[in-house]
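structure17.cif follows; it contains mmCIF, C-alpha atoms and all ligand atoms.
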```
data_start
#
loop_
_atom_site.label_atom_id
_atom_site.label_comp_id
_atom_site.auth_asym_id
_atom_site.auth_seq_id
_atom_site.Cartn_x
_atom_site.Cartn_y
_atom_site.Cartn_z
CA MET F 705 59.68 85.26 165.95
CA SER F 706 61.67 82.87 163.79
CA THR F 707 65.36 82.31 164.54
CA LEU F 708 65.84 81.38 160.87
CA ALA F 709 66.60 83.89 158.13
CA ALA F 710 63.95 84.25 155.42
CA PRO F 711 65.95 82.36 152.70
CA ALA F 712 66.49 79.42 155.08
CA VAL F 713 62.77 79.35 155.88
CA ALA F 714 61.89 79.41 152.17
CA GLU F 715 64.32 76.56 151.47
CA LEU F 716 62.97 74.47 154.32
CA HIS F 717 59.40 75.15 153.24
CA GLU F 718 60.22 73.83 149.79
CA GLU F 719 61.91 70.74 151.22
CA VAL F 720 59.03 70.05 153.60
CA ARG F 721 56.41 70.47 150.85
CA GLU F 722 58.35 68.13 148.56
CA LEU F 723 58.68 65.47 151.29
CA ALA F 724 55.00 65.81 152.21
CA HIS F 725 54.03 65.41 148.56
CA ARG F 726 56.23 62.33 148.19
CA SER F 727 54.84 60.63 151.30
CA GLU F 728 51.25 61.82 150.61
CA ALA F 729 51.23 63.50 154.01
CA VAL F 730 48.93 66.21 155.21
CA ILE F 731 50.55 68.71 157.59
CA LEU F 732 48.36 69.88 160.48
CA ALA F 733 49.54 72.68 162.76
CA HIS F 734 48.11 74.09 165.97
CA ASN F 735 47.47 77.83 166.39
CA TYR F 736 50.31 77.99 168.95
CA GLN F 737 53.00 76.72 166.58
CA VAL F 738 55.84 79.02 165.49
CA PRO F 739 54.92 81.13 162.42
CA GLU F 740 57.16 79.29 159.95
CA VAL F 741 55.56 75.96 160.87
CA GLN F 742 52.06 77.41 160.58
CA ASP F 743 52.97 78.81 157.16
CA VAL F 744 53.94 75.43 155.68
CA ALA F 745 50.90 73.55 157.03
CA ASP F 746 47.91 72.42 154.98
CA PHE F 747 45.62 73.27 157.86
CA VAL F 748 46.10 75.44 160.97
CA GLY F 749 43.55 75.34 163.75
CA ASP F 750 42.63 74.65 167.35
CA SER F 751 42.34 71.18 168.90
CA LEU F 752 38.79 70.67 167.65
CA GLY F 753 39.55 71.83 164.11
CA LEU F 754 42.65 69.66 163.92
CA ALA F 755 40.78 66.63 165.27
CA ARG F 756 38.08 67.11 162.65
CA GLU F 757 40.60 67.65 159.87
CA GLY F 758 42.61 64.58 160.92
CA ALA F 759 39.47 62.44 160.92
CA ALA F 760 38.30 63.74 157.53
CA THR F 761 41.51 63.63 155.52
CA ASP F 762 42.15 60.94 152.91
CA ALA F 763 45.91 61.35 153.28
CA PRO F 764 47.59 58.15 154.56
CA VAL F 765 50.09 60.16 156.64
CA ILE F 766 49.40 62.98 159.10
CA ALA F 767 52.37 65.10 160.17
CA PHE F 768 51.09 66.62 163.38
CA CYS F 769 52.67 69.89 164.47
CA GLY F 770 51.29 70.24 167.95
CA VAL F 771 51.69 68.42 171.25
CA HIS F 772 51.55 64.71 171.97
CA PHE F 773 47.95 64.35 173.14
CA MET F 774 46.80 66.00 169.90
CA ALA F 775 48.73 63.51 167.79
CA GLU F 776 47.25 60.70 169.91
CA THR F 777 43.78 62.11 169.22
CA ALA F 778 44.49 62.04 165.49
CA ALA F 779 45.74 58.44 165.77
CA ILE F 780 42.57 57.39 167.63
CA LEU F 781 40.24 59.09 165.15
CA SER F 782 42.18 57.91 162.11
CA PRO F 783 42.94 54.21 162.56
CA GLY F 784 44.99 52.91 159.65
CA LYS F 785 46.76 56.25 159.09
CA THR F 786 50.34 56.96 160.08
CA VAL F 787 50.50 59.87 162.54
CA LEU F 788 53.89 61.52 162.98
CA ILE F 789 55.00 64.10 165.54
CA PRO F 790 58.27 65.94 164.86
CA ASP F 791 59.33 65.86 168.54
CA LEU F 792 58.16 63.17 170.94
CA ASP F 793 58.96 65.36 173.94
CA ALA F 794 56.30 67.92 172.97
CA GLY F 795 54.04 67.21 175.95
CA CYS F 796 51.52 69.28 177.90
CA SER F 797 51.60 70.25 181.57
CA LEU F 798 47.80 70.31 181.67
CA ALA F 799 47.47 66.78 180.26
CA ASP F 800 50.05 65.66 182.84
CA SER F 801 47.93 66.98 185.70
CA ILE F 802 45.75 63.85 185.86
CA THR F 803 46.55 60.18 185.26
CA ALA F 804 44.15 57.37 184.40
CA ASP F 805 44.69 55.90 187.89
CA GLN F 806 43.77 59.20 189.53
CA LEU F 807 40.66 59.43 187.36
CA ARG F 808 39.59 55.87 188.23
CA THR F 809 39.91 56.74 191.94
CA TRP F 810 37.93 59.98 191.43
CA LYS F 811 35.18 58.11 189.57
CA ALA F 812 34.97 55.52 192.36
CA GLU F 813 34.37 58.39 194.80
CA HIS F 814 31.50 59.71 192.61
CA PRO F 815 29.46 56.70 191.47
CA GLY F 816 27.01 57.49 188.69
CA ALA F 817 28.78 60.69 187.65
CA VAL F 818 29.43 61.48 183.99
CA VAL F 819 33.03 62.31 183.09
CA VAL F 820 33.72 65.22 180.73
CA SER F 821 37.39 65.51 179.81
CA TYR F 822 38.94 68.45 178.08
CA VAL F 823 40.81 67.22 175.02
CA ASN F 824 44.11 68.10 176.75
CA THR F 825 44.39 64.65 178.33
CA THR F 826 46.23 61.44 177.56
CA ALA F 827 44.57 58.64 175.58
CA GLU F 828 44.34 56.58 178.80
CA VAL F 829 42.37 59.35 180.51
CA LYS F 830 40.09 59.73 177.47
CA ALA F 831 39.46 55.98 177.62
CA GLU F 832 38.06 56.51 181.15
CA SER F 833 35.83 59.41 180.01
CA ASP F 834 32.26 59.62 178.75
CA TYR F 835 32.74 62.83 176.75
CA CYS F 836 35.64 64.86 175.46
CA CYS F 837 35.39 68.57 174.73
CA THR F 838 37.53 71.49 173.63
CA SER F 839 37.29 75.09 174.76
CA GLY F 840 35.30 75.65 171.55
CA ASN F 841 32.48 73.26 172.47
CA ALA F 842 32.78 72.62 176.24
CA THR F 843 29.57 74.52 177.02
CA GLU F 844 27.58 72.63 174.36
CA VAL F 845 28.90 69.28 175.59
CA VAL F 846 27.91 70.07 179.20
CA ARG F 847 24.47 71.33 178.13
CA SER F 848 23.89 68.08 176.21
CA ILE F 849 24.09 66.08 179.48
CA PRO F 850 20.73 65.72 181.27
CA GLU F 851 20.14 68.12 184.19
CA GLY F 852 20.56 66.50 187.58
CA THR F 853 23.48 64.31 186.47
CA GLU F 854 26.71 64.85 188.40
CA ILE F 855 29.49 65.92 186.03
CA LEU F 856 33.16 65.37 186.77
CA PHE F 857 34.99 67.97 184.68
CA LEU F 858 38.73 67.66 184.11
CA PRO F 859 41.53 68.58 184.08
CA ASP F 860 41.42 72.39 183.78
CA LEU F 861 40.16 74.33 186.79
CA TYR F 862 39.71 77.65 184.97
CA LEU F 863 37.91 76.19 181.98
CA GLY F 864 35.63 74.33 184.42
CA LEU F 865 34.82 77.53 186.33
CA TRP F 866 34.05 79.33 183.09
CA VAL F 867 31.77 76.50 181.86
CA GLU F 868 29.94 76.59 185.20
CA ARG F 869 29.28 80.29 184.84
CA VAL F 870 28.15 80.13 181.22
CA THR F 871 25.92 77.07 181.56
CA GLY F 872 24.71 77.63 185.12
CA ARG F 873 25.45 73.94 185.79
CA LYS F 874 27.28 72.84 188.93
CA LEU F 875 30.40 70.85 188.03
CA THR F 876 32.78 68.83 190.15
CA ILE F 877 36.10 70.18 188.87
CA TRP F 878 39.61 68.72 188.87
CA MET F 879 42.23 71.21 190.10
CA GLY F 880 44.57 71.05 187.10
CA GLU F 881 45.92 74.00 185.19
CA CYS F 882 48.00 74.93 182.17
CA HIS F 883 51.07 76.77 183.42
CA VAL F 884 51.01 79.09 180.40
CA HIS F 885 47.39 80.20 180.71
CA ALA F 886 47.29 80.15 184.51
CA GLY F 887 50.27 82.54 184.37
CA ILE F 888 48.11 85.24 182.76
CA ARG F 889 46.87 86.93 185.91
CA PRO F 890 44.01 89.33 186.62
CA ALA F 891 46.61 92.07 187.20
CA ASP F 892 47.76 91.72 183.55
CA ILE F 893 44.19 92.27 182.41
CA GLU F 894 43.50 95.13 184.78
CA ARG F 895 46.60 96.98 183.60
CA TRP F 896 45.51 96.69 179.96
CA GLN F 897 41.94 97.67 180.78
CA GLU F 898 43.24 100.93 182.22
CA ASP F 899 45.96 101.64 179.67
CA SER F 900 44.07 100.71 176.48
CA PRO F 901 40.48 101.92 176.59
CA ASP F 902 40.21 101.62 172.78
CA ALA F 903 41.07 97.89 172.61
CA GLU F 904 38.89 94.78 172.69
CA LEU F 905 40.16 92.07 175.00
CA LEU F 906 40.13 88.42 173.82
CA VAL F 907 40.64 85.92 176.66
CA HIS F 908 41.02 82.14 176.44
CA PRO F 909 38.90 80.34 179.09
CA GLU F 910 41.95 78.38 180.35
CA CYS F 911 43.50 81.63 181.59
CA GLY F 912 43.91 82.24 185.30
CA CYS F 913 42.05 85.52 184.77
CA ALA F 914 39.10 84.21 182.71
CA SER F 915 36.60 83.73 185.52
CA GLN F 916 37.49 87.13 186.98
CA CYS F 917 37.09 88.68 183.51
CA MET F 918 33.54 87.41 183.38
CA ALA F 919 32.91 89.02 186.72
CA PHE F 920 34.02 92.40 185.29
CA GLY F 921 30.90 92.31 183.12
CA ASN F 922 32.86 94.46 180.69
CA GLU F 923 31.49 94.58 177.15
CA ARG F 924 35.02 94.94 175.75
CA THR F 925 36.04 91.57 177.22
CA HIS F 926 35.31 88.36 175.28
CA ILE F 927 36.05 84.83 176.54
CA LEU F 928 36.73 82.77 173.43
CA SER F 929 38.50 79.68 172.13
CA THR F 930 41.33 80.43 169.72
CA GLU F 931 39.08 79.77 166.71
CA GLY F 932 36.46 81.98 168.33
CA MET F 933 39.07 84.76 168.62
CA ILE F 934 39.77 84.56 164.90
CA ARG F 935 36.10 84.70 163.92
CA PHE F 936 35.49 87.56 166.35
CA ALA F 937 38.44 89.64 165.09
CA GLN F 938 37.40 89.11 161.47
CA SER F 939 33.84 90.26 162.02
CA SER F 940 34.47 93.04 164.58
CA PRO F 941 34.51 96.66 163.35
CA LYS F 942 37.23 97.36 165.96
CA GLU F 943 40.89 97.77 164.97
CA ARG F 944 42.85 96.88 168.09
CA PHE F 945 42.79 93.66 170.12
CA LEU F 946 44.60 92.50 173.23
CA VAL F 947 44.99 88.76 173.34
CA ALA F 948 45.20 86.60 176.48
CA THR F 949 46.41 83.18 175.35
CA GLU F 950 49.60 81.58 174.04
CA THR F 951 51.32 84.13 171.81
CA GLY F 952 51.50 81.84 168.75
CA ILE F 953 47.92 82.81 167.93
CA LEU F 954 49.04 86.38 167.08
CA HIS F 955 50.54 85.19 163.78
CA ARG F 956 47.31 83.58 162.62
CA LEU F 957 45.18 86.50 163.82
CA SER F 958 47.34 88.94 161.84
CA LYS F 959 47.08 86.76 158.73
CA GLU F 960 43.35 86.17 158.94
CA ALA F 961 42.30 89.64 160.04
CA PRO F 962 44.74 91.83 158.08
CA GLY F 963 44.98 95.52 158.86
CA LYS F 964 44.07 95.03 162.51
CA THR F 965 46.43 95.20 165.47
CA PHE F 966 46.94 92.31 167.89
CA GLU F 967 49.04 92.47 171.04
CA ALA F 968 49.77 89.90 173.73
CA VAL F 969 48.46 90.71 177.20
CA SER F 970 51.45 88.77 178.50
CA GLU F 971 54.62 88.26 176.43
CA ARG F 972 55.48 85.45 178.86
CA ALA F 973 52.59 83.32 177.62
CA ILE F 974 54.74 80.98 175.56
CA CYS F 975 54.29 77.20 175.63
CA ARG F 976 57.70 75.61 175.49
CA TYR F 977 56.14 72.31 174.42
CA MET F 978 54.47 73.84 171.37
CA LYS F 979 57.70 75.62 170.51
CA MET F 980 59.65 72.31 170.47
CA ILE F 981 58.31 71.72 166.95
CA THR F 982 60.59 73.35 164.39
CA LEU F 983 60.78 73.31 160.60
CA GLU F 984 63.96 71.22 160.74
CA LYS F 985 62.30 68.62 162.96
CA LEU F 986 59.25 68.57 160.70
CA ARG F 987 61.53 68.02 157.69
CA ASP F 988 63.37 65.17 159.49
CA SER F 989 60.08 63.63 160.57
CA LEU F 990 58.74 63.50 157.00
CA ARG F 991 62.06 62.37 155.54
CA ASP F 992 62.58 59.51 158.04
CA MET F 993 58.90 58.82 158.82
CA LYS F 994 59.52 59.42 162.53
CA HIS F 995 58.19 59.67 165.27
CA GLU F 996 55.06 57.63 164.83
CA VAL F 997 52.39 58.08 167.52
CA THR F 998 50.28 55.01 168.18
CA VAL F 999 47.65 54.17 170.78
CA PRO F 1000 47.02 50.56 171.87
CA ALA F 1001 43.82 49.27 170.21
CA GLU F 1002 42.05 48.57 173.49
CA ILE F 1003 42.63 52.12 174.81
CA ALA F 1004 41.87 53.70 171.43
CA GLY F 1005 38.60 51.78 171.21
CA ARG F 1006 37.42 53.11 174.59
CA ALA F 1007 38.66 56.66 173.93
CA ARG F 1008 37.09 56.87 170.48
CA GLN F 1009 33.49 57.14 171.65
CA ALA F 1010 34.26 60.14 173.88
CA LEU F 1011 36.21 61.78 171.07
CA GLU F 1012 33.54 61.13 168.46
CA ARG F 1013 31.03 62.88 170.71
CA MET F 1014 33.42 65.86 170.85
CA VAL F 1015 33.87 66.04 167.10
CA ALA F 1016 30.11 65.85 166.57
CA THR F 1017 29.21 68.60 169.08
CA GLY F 1018 29.25 72.34 168.54
S1 LIG F 1101 49.61 75.93 176.19
FE1 LIG F 1101 49.19 74.78 178.09
S2 LIG F 1101 47.46 73.44 177.57
FE2 LIG F 1101 48.37 74.14 175.63
S3 LIG F 1101 49.87 72.55 175.11
FE3 LIG F 1101 50.98 74.14 176.25
S4 LIG F 1101 50.94 73.39 178.36
FE4 LIG F 1101 49.36 72.25 177.27
#
```
Starting from the coordinates I provided, produce the structure as structure tokens.
Amino acid sequence: MSTLAAPAVAELHEEVRELAHRSEAVILAHNYQVPEVQDVADFVGDSLGLAREGAATDAPVIAFCGVHFMAETAAILSPGKTVLIPDLDAGCSLADSITADQLRTWKAEHPGAVVVSYVNTTAEVKAESDYCCTSGNATEVVRSIPEGTEILFLPDLYLGLWVERVTGRKLTIWMGECHVHAGIRPADIERWQEDSPDAELLVHPECGCASQCMAFGNERTHILSTEGMIRFAQSSPKERFLVATETGILHRLSKEAPGKTFEAVSERAICRYMKMITLEKLRDSLRDMKHEVTVPAEIAGRARQALERMVATG
């Protein structure tokens, strides 16, 4: 819910659009951004969609409304473009759960293994990886690796467990987690299952409950990336959906599947990093061309191959 009154939002939207036009910037926003930031963006999507859009755009400036590793990804895939983030402190607890040094040590303990990194990692960690993936294409990326190859999967424990179950492949999984998704517990799901027999349940695979949800074998429960949730809600004949991921997605779901009802399984599932991006900060960023996100050429060069594989898969 916006803390700004509607006229203030409209005024800021106009200012932001004018500044974006003047600087030939494209505004990209993640599904977890606050509604008023989503509403002013040229493109709203998940990590994979935003990475693809950033790579494809002709705009010389990308204003990235998301968290830092996403802006880094855009900078790596779009050399020569200026990538701005409205708040440099918009980090990610999941990306912080493994460093490049820790990954180098882990690789040394598993010689010959292939490294698959979820996109929620720093550029340095991507540079040490063979493949990147998002929740939207993690299963396809793992399936594309020859059977019999050891796979080090990082950094999200729950996504790794889910990929193992779906693909039937054994993964060696890093024990990282996103505090927002890990906080959605099986008890939250069980309560909704009992109280809302008419609702479909949409669960992000990063959630602490996702692997247990699969075990329920319940046909009302669907483990999906955020883009997958939107496609599912649009095409489903059902009217009511319970959503287990960061609550920012509810705004986009309501816009893209009008007339249907979406409710958060946990109102606590709010990412404070995503919510650091505000319309005022976006306006300041475009006006002052700050804060530019850059990745050293040597790291970007090594990270690019893993990212290009991600963008090309699924
Ligand atoms: S919701 Fe979790 S994984 Fe996503 S940006 Fe926030 S902390 Fe990182």
Neighbour list for F:Glu943 as number ranges by chain, cut-off 9 Å, all atoms listed in the file, skip fewer than 5 positions in-chain = F: 902-904, 937, 963-966
Sorted per-residue table, stretch 723-837 of chain F near stretch 968-981 of chain F, closest atoms and distance, 8 Å, all atoms listed in the file, as CSV:
```
residue,atom,partner,partner_atom,distance
F:Tyr736,CA,F:Met978,CA,6.4
F:Gln737,CA,F:Met978,CA,5.8
F:Val738,CA,F:Lys979,CA,6.3
F:Val741,CA,F:Ile981,CA,7.9
F:Cys769,CA,F:Ile981,CA,6.4
F:Gly770,CA,F:Met978,CA,5.9
F:Val771,CA,F:Met978,CA,6.1
F:Pro790,CA,F:Ile981,CA,6.1
F:Asp791,CA,F:Ile981,CA,6.2
F:Asp793,CA,F:Tyr977,CA,7.5
F:Ala794,CA,F:Tyr977,CA,4.6
F:Gly795,CA,F:Tyr977,CA,5.7
F:Cys796,CA,F:Tyr977,CA,6.5
```
request  = Please measure the separation of atom CA of F:Ala710 and atom CA of F:Thr951, giving the value in Å to one decimal.
outcome  =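 The value is 20.7 Å.
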key: Among listed residues F:Asn922, F:Asn841, F:Thr930, F:Gln1009, nearest F:Ile893 (using only C-alpha atoms)   =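 Nearest to F:Ile893: F:Asn922.
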F:Leu863, F:Val713, F:Leu781, F:Val744 ranked by distance to F:Thr761, top pick (using all atoms listed in the file) =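 So, comparing all the options, the nearest one is F:Leu781.
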key: F:Leu875, F:Ala817, F:Ala886, F:Leu858 ranked by distance to ligand LIG 1101 (chain F), top pick (using only C-alpha atoms and all ligand atoms)   =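 Among F:Leu875, F:Ala817, F:Ala886, F:Leu858, it is F:Ala886 that comes nearest to ligand LIG 1101 (chain F).
Going from atom CA of F:Val947 to atom CA of F:Leu906 covers 4.9 Å.
By chain and then residue number, the residues within 10 Å of F:Glu740 are F:Met705, F:Ser706, F:Thr707, F:Leu708, F:Ala710, F:Val713, F:Ala714, F:Leu716, F:His717, F:Val744, F:Ala745, F:His955, F:Thr982, F:Leu983, counting only C-alpha atoms and disregarding those fewer than 4 positions away in sequence.
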query = Any idea what's packed within 12 Å of F:Leu1011, counting all atoms listed in the file, ignoring anything in its chain fewer than 3 positions away? Could you give it as an MDAnalysis selection string?
reply = chainID F and resid 751:752 755:756 759 774 776:782 820:827 829:838 845 1004:1008 1014:1017
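Ranking F:Gly753, F:Gly758, F:Pro909, F:Pro739 by their shortest atom-to-atom distance to ligand LIG 1101 (chain F), with only C-alpha atoms and all ligand atoms included, puts F:Pro909 first.
Taking atom CA of F:Asp746 and atom CA of F:Leu732 as the two end points, the separation is 6.1 Å.
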request  = Excluding F:Pro859 and residues on its chain fewer than 5 positions from it, collect all residues at most 7 Å away from it, counting all atoms listed in the file, and give them as a list in words.
outcome  =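 What passes the distance filter is Leu798, Ser801, Ile802, Ser821, Tyr822, Trp878, Met879 and Gly880 of chain F.
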query = Given the choices F:Asp805, F:Glu894, F:Glu950, F:Glu923, which gets closest to ligand LIG 1101 (chain F) if the distance is worked out from only C-alpha atoms and all ligand atoms?
reply =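 The answer is F:Glu950, which sits nearest to ligand LIG 1101 (chain F).
Between ligand LIG 1101 (chain F) and the candidates F:Gly952, F:Pro1000, F:Pro890, F:Gly749, the tightest atom-to-atom separation, counting all atoms listed in the file, involves F:Gly952.
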Restricted to C-alpha atoms, what does stretch 947-1000 of chain F look like when written out as a tab-separated table (two decimals), in the first residue's frame?
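Contents of decode.tsv, as written:
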```
chain	number	residue	atom	x	y	z
F	947	VAL	CA	-0.26	-16.57	-2.82
F	948	ALA	CA	2.91	-17.68	-1.00
F	949	THR	CA	5.64	-15.25	-2.02
F	950	GLU	CA	6.59	-11.62	-1.43
F	951	THR	CA	3.37	-9.61	-1.27
F	952	GLY	CA	4.36	-7.16	-4.03
F	953	ILE	CA	3.22	-9.71	-6.59
F	954	LEU	CA	-0.43	-9.22	-5.52
F	955	HIS	CA	-0.58	-5.86	-7.31
F	956	ARG	CA	0.54	-7.32	-10.62
F	957	LEU	CA	-1.68	-10.38	-10.27
F	958	SER	CA	-4.72	-8.15	-9.69
F	959	LYS	CA	-3.84	-6.03	-12.72
F	960	GLU	CA	-3.15	-8.92	-15.07
F	961	ALA	CA	-5.94	-11.22	-13.96
F	962	PRO	CA	-8.75	-8.72	-13.25
F	963	GLY	CA	-11.90	-9.89	-11.50
F	964	LYS	CA	-10.08	-12.58	-9.54
F	965	THR	CA	-9.17	-12.48	-5.86
F	966	PHE	CA	-5.60	-12.78	-4.59
F	967	GLU	CA	-4.63	-12.99	-0.93
F	968	ALA	CA	-1.26	-13.34	0.77
F	969	VAL	CA	-0.70	-16.56	2.71
F	970	SER	CA	1.53	-14.50	4.99
F	971	GLU	CA	1.18	-10.71	5.31
F	972	ARG	CA	4.67	-10.76	6.84
F	973	ALA	CA	6.25	-11.78	3.53
F	974	ILE	CA	7.62	-8.34	2.73
F	975	CYS	CA	11.17	-7.81	1.44
F	976	ARG	CA	12.53	-4.68	3.03
F	977	TYR	CA	15.23	-4.47	0.35
F	978	MET	CA	12.71	-4.40	-2.49
F	979	LYS	CA	10.68	-1.81	-0.59
F	980	MET	CA	13.70	0.54	-0.33
F	981	ILE	CA	12.97	1.66	-3.90
F	982	THR	CA	10.47	4.52	-3.88
F	983	LEU	CA	9.10	6.86	-6.54
F	984	GLU	CA	11.04	9.77	-5.03
F	985	LYS	CA	14.31	7.83	-5.17
F	986	LEU	CA	13.57	6.77	-8.75
F	987	ARG	CA	12.93	10.42	-9.66
F	988	ASP	CA	16.20	11.51	-8.00
F	989	SER	CA	18.10	8.70	-9.69
F	990	LEU	CA	16.92	9.75	-13.17
F	991	ARG	CA	17.37	13.44	-12.47
F	992	ASP	CA	20.94	13.12	-11.12
F	993	MET	CA	21.94	9.96	-13.05
F	994	LYS	CA	22.74	8.16	-9.79
F	995	HIS	CA	23.54	5.49	-8.55
F	996	GLU	CA	25.34	3.80	-11.39
F	997	VAL	CA	25.96	0.05	-10.98
F	998	THR	CA	29.09	-1.22	-12.68
F	999	VAL	CA	30.88	-4.57	-12.66
F	1000	PRO	CA	34.65	-4.81	-13.27
```
